[in-house]
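The block underneath contains the structure these notes are about, expressed in C-alpha cells.
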Amino acid sequence: MTEIEIKIRIGDPKAMRERLVGLGAAVSRERHLERNVLYDFDSGALAASRRALRLRTTGRRATLTFKGEPRKSRSFKVREEFETQVRDPRGARLILKALGLKEAFAYAKHRTVLRKSRLTICIDETAAGNFLELEGERHEIVKFARALKVRRADFITESYVSLLAGPKPEGGAD
C-alpha cells in the first residue's frame, strides 16, 4: 500500500474537532492514547535508509508497521507502508528483539480519528504540539485543506520522530 499524508500544525484540538465535524467529517475513533516504538538494528540500518519499523499499542491492541523510504514529493509525504494487527504486543517485542532489533525511539500521543469520504483525518496531541494529519489521495487532501483554508506552504511532511527530536544542530545529519 502507498501512504500519502501531510500534517498541519493546529492550536486547540477540541475547537479543531468541532470545525472538522462542521465540514462533514465523522468521528470514527474517539480520543485515545497511542504508544509508538520504532525498532532498528544496532547499525541503524533502517534509519540510515529512511525506513521504519514501528510497533504501535493502543490499550491491548497493537499494530506492526513497516514504512519504506519516502518518495520524492514537494508537498506530500509518500511512502510504501505495510501493516498488520498484533494480538500479543509483548510477544511481538520479544520476536523483534530476537531478530536483533532494538528500541530506537519511543513516543506517545493522544489521537482522535475522523473520516470524510475516503480521507482519514487525525487530530494528534504530541509533545511537539498539536497536529492535524490528513491521509488519502492527493486531490482529497488538497480539497480538504482548502476547506480548512490551509495553503500547501503550511503542509508538513516530517515524521513525528523528526518533529519530536527537534531541530538538528548545524552541519548535523538529516
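The chains in the C-alpha cells are called A, B, ... from first to last as shown; in each chain the residues are counted from 1, and the ligands are counted from 1 in the order shown.
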
Show me, as an mmCIF file with C-alpha atoms, in the first residue's frame, the residues that have an atom within 12 Å of Ala147 in chain A when counting only C-alpha atoms, minus same-chain residues fewer than 3 positions from it.
data_model
loop_
_atom_site.group_PDB
_atom_site.id
_atom_site.type_symbol
_atom_site.label_atom_id
_atom_site.label_comp_id
_atom_site.auth_asym_id
_atom_site.auth_seq_id
_atom_site.Cartn_x
_atom_site.Cartn_y
_atom_site.Cartn_z
ATOM 1 C CA ARG A 19 -14.592 22.523 12.861
ATOM 2 C CA LEU A 20 -13.932 19.162 11.187
ATOM 3 C CA GLY A 22 -18.835 21.082 10.772
ATOM 4 C CA LEU A 23 -17.123 20.308 7.453
ATOM 5 C CA GLY A 24 -18.795 16.891 7.307
ATOM 6 C CA ALA A 25 -16.160 14.662 8.911
ATOM 7 C CA GLU A 140 -8.693 14.731 -1.453
ATOM 8 C CA ILE A 141 -6.021 16.122 0.859
ATOM 9 C CA VAL A 142 -5.742 19.365 -1.141
ATOM 10 C CA LYS A 143 -9.525 19.783 -1.369
ATOM 11 C CA PHE A 144 -9.983 19.318 2.373
ATOM 12 C CA VAL A 150 -4.731 25.884 4.724
ATOM 13 C CA ARG A 151 -2.151 26.568 1.999
#

If you count only C-alpha atoms, which residues fall within 12 Å of range 109-116 of chain A, apart from same-chain ones fewer than 5 positions away, as a PDB file with C-alpha atoms, in the first residue's frame?
ATOM      1  CA  PRO A  13      -7.726  20.152  19.376  1.00  0.00           C
ATOM      2  CA  LYS A  14     -11.318  20.463  20.669  1.00  0.00           C
ATOM      3  CA  MET A  16     -10.496  21.705  15.503  1.00  0.00           C
ATOM      4  CA  ARG A  17     -12.682  18.658  16.115  1.00  0.00           C
ATOM      5  CA  GLU A  18     -15.785  20.864  16.059  1.00  0.00           C
ATOM      6  CA  ARG A  19     -14.592  22.523  12.861  1.00  0.00           C
ATOM      7  CA  LEU A  20     -13.932  19.162  11.187  1.00  0.00           C
ATOM      8  CA  VAL A  21     -17.369  17.845  12.131  1.00  0.00           C
ATOM      9  CA  GLY A  22     -18.835  21.082  10.772  1.00  0.00           C
ATOM     10  CA  LEU A  23     -17.123  20.308   7.453  1.00  0.00           C
ATOM     11  CA  GLY A  24     -18.795  16.891   7.307  1.00  0.00           C
ATOM     12  CA  ALA A  25     -16.160  14.662   8.911  1.00  0.00           C
ATOM     13  CA  ALA A  26     -17.420  11.882  11.198  1.00  0.00           C
ATOM     14  CA  VAL A  27     -15.592  10.664  14.285  1.00  0.00           C
ATOM     15  CA  SER A  28     -14.581   7.042  13.770  1.00  0.00           C
ATOM     16  CA  ARG A  29     -12.456   6.683  16.918  1.00  0.00           C
ATOM     17  CA  GLU A  30     -12.643   8.878  19.983  1.00  0.00           C
ATOM     18  CA  ARG A  31      -9.553  10.391  21.620  1.00  0.00           C
ATOM     19  CA  HIS A  32      -7.206   7.644  22.819  1.00  0.00           C
ATOM     20  CA  LEU A  33      -3.584   7.174  23.853  1.00  0.00           C
ATOM     21  CA  GLU A  34      -1.147   5.573  21.404  1.00  0.00           C
ATOM     22  CA  ARG A  35       2.334   4.409  22.330  1.00  0.00           C
ATOM     23  CA  ASN A  36       4.726   4.162  19.410  1.00  0.00           C
ATOM     24  CA  VAL A  37       8.094   2.402  19.455  1.00  0.00           C
ATOM     25  CA  ARG A  56       2.022   0.963  17.976  1.00  0.00           C
ATOM     26  CA  THR A  57      -0.029  -0.057  21.007  1.00  0.00           C
ATOM     27  CA  THR A  58      -3.424   1.270  21.972  1.00  0.00           C
ATOM     28  CA  ILE A 121      -8.240  12.783   9.422  1.00  0.00           C
ATOM     29  CA  CYS A 122      -6.386  12.535  12.726  1.00  0.00           C
ATOM     30  CA  ILE A 123      -6.082  15.093  15.479  1.00  0.00           C
ATOM     31  CA  ASP A 124      -2.772  14.302  17.184  1.00  0.00           C
ATOM     32  CA  GLU A 125      -1.694  15.801  20.502  1.00  0.00           C
ATOM     33  CA  THR A 126       2.061  15.307  20.910  1.00  0.00           C
ATOM     34  CA  ALA A 127       4.931  16.670  22.977  1.00  0.00           C
ATOM     35  CA  ALA A 128       5.931  18.654  19.840  1.00  0.00           C
ATOM     36  CA  GLY A 129       2.499  20.306  19.625  1.00  0.00           C
ATOM     37  CA  ASN A 130      -0.891  19.567  18.141  1.00  0.00           C
ATOM     38  CA  PHE A 131      -1.263  18.460  14.534  1.00  0.00           C
ATOM     39  CA  LEU A 132      -3.900  17.550  12.035  1.00  0.00           C
ATOM     40  CA  GLU A 133      -2.865  14.627   9.856  1.00  0.00           C
ATOM     41  CA  LEU A 134      -4.630  14.118   6.529  1.00  0.00           C
ATOM     42  CA  GLU A 135      -4.142  10.780   4.761  1.00  0.00           C
ATOM     43  CA  GLY A 136      -5.634   9.763   1.436  1.00  0.00           C
ATOM     44  CA  GLU A 140      -8.693  14.731  -1.453  1.00  0.00           C
ATOM     45  CA  ILE A 141      -6.021  16.122   0.859  1.00  0.00           C
ATOM     46  CA  LYS A 143      -9.525  19.783  -1.369  1.00  0.00           C
ATOM     47  CA  PHE A 144      -9.983  19.318   2.373  1.00  0.00           C
ATOM     48  CA  TYR A 160       6.677  12.674  14.360  1.00  0.00           C
ATOM     49  CA  VAL A 161      10.105  11.246  15.149  1.00  0.00           C
ATOM     50  CA  LEU A 164       9.827  15.317  18.416  1.00  0.00           C
TER      51      LEU A 164
END

May I ask for the distance between CA of Gly100 in chain A and CA of Arg54 in chain A, given in Å to one decimal place? 14.7 Å

Please identify the strand (DSSP E) residues within range 74-165 of chain A (assignment by DSSP from backbone atoms) and present them as a tab-separated table (two decimals) with C-alpha atoms, in the first residue's frame.
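Okay, this is what ended up in out.tsv:
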chain	number	residue	atom	x	y	z
A	77	LYS	CA	4.85	12.52	2.43
A	78	VAL	CA	4.58	9.47	0.17
A	79	ARG	CA	5.91	6.06	1.11
A	80	GLU	CA	5.21	2.37	0.91
A	81	GLU	CA	3.51	1.06	4.04
A	82	PHE	CA	2.61	-2.42	5.27
A	83	GLU	CA	0.63	-3.01	8.46
A	84	THR	CA	-0.62	-5.99	10.40
A	85	GLN	CA	-2.56	-6.31	13.63
A	86	VAL	CA	-0.70	-7.93	16.52
A	101	LEU	CA	16.20	-5.23	16.61
A	102	LYS	CA	16.20	-2.78	19.49
A	103	GLU	CA	14.01	0.10	20.57
A	104	ALA	CA	15.41	3.13	18.75
A	105	PHE	CA	12.81	5.79	19.56
A	106	ALA	CA	9.58	5.88	21.57
A	107	TYR	CA	6.83	8.46	21.86
A	108	ALA	CA	3.21	8.73	22.86
A	109	LYS	CA	0.36	10.83	21.51
A	110	HIS	CA	-3.35	11.26	22.00
A	111	ARG	CA	-5.22	10.72	18.75
A	112	THR	CA	-8.78	11.28	17.57
A	113	VAL	CA	-9.65	9.72	14.20
A	114	LEU	CA	-12.25	11.11	11.81
A	115	ARG	CA	-13.24	10.23	8.26
A	116	LYS	CA	-14.66	12.18	5.37
A	119	LEU	CA	-9.91	10.70	3.69
A	120	THR	CA	-8.60	9.78	7.14
A	121	ILE	CA	-8.24	12.78	9.42
A	122	CYS	CA	-6.39	12.53	12.73
A	123	ILE	CA	-6.08	15.09	15.48
A	124	ASP	CA	-2.77	14.30	17.18
A	125	GLU	CA	-1.69	15.80	20.50
A	126	THR	CA	2.06	15.31	20.91
A	129	GLY	CA	2.50	20.31	19.62
A	130	ASN	CA	-0.89	19.57	18.14
A	131	PHE	CA	-1.26	18.46	14.53
A	132	LEU	CA	-3.90	17.55	12.04
A	133	GLU	CA	-2.86	14.63	9.86
A	134	LEU	CA	-4.63	14.12	6.53
A	135	GLU	CA	-4.14	10.78	4.76

Between CA of Ala145 in chain A and CA of Leu163 in chain A, what is the distance, to one decimal in Å?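 Atom-to-atom, CA of Ala145 in chain A and CA of Leu163 in chain A are spaced 20.7 Å apart.
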
Atomic distance CA of Ile156 in chain A - CA of Leu38 in chain A, expressed in Å with one decimal: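 Those two atoms sit 20.4 Å apart.
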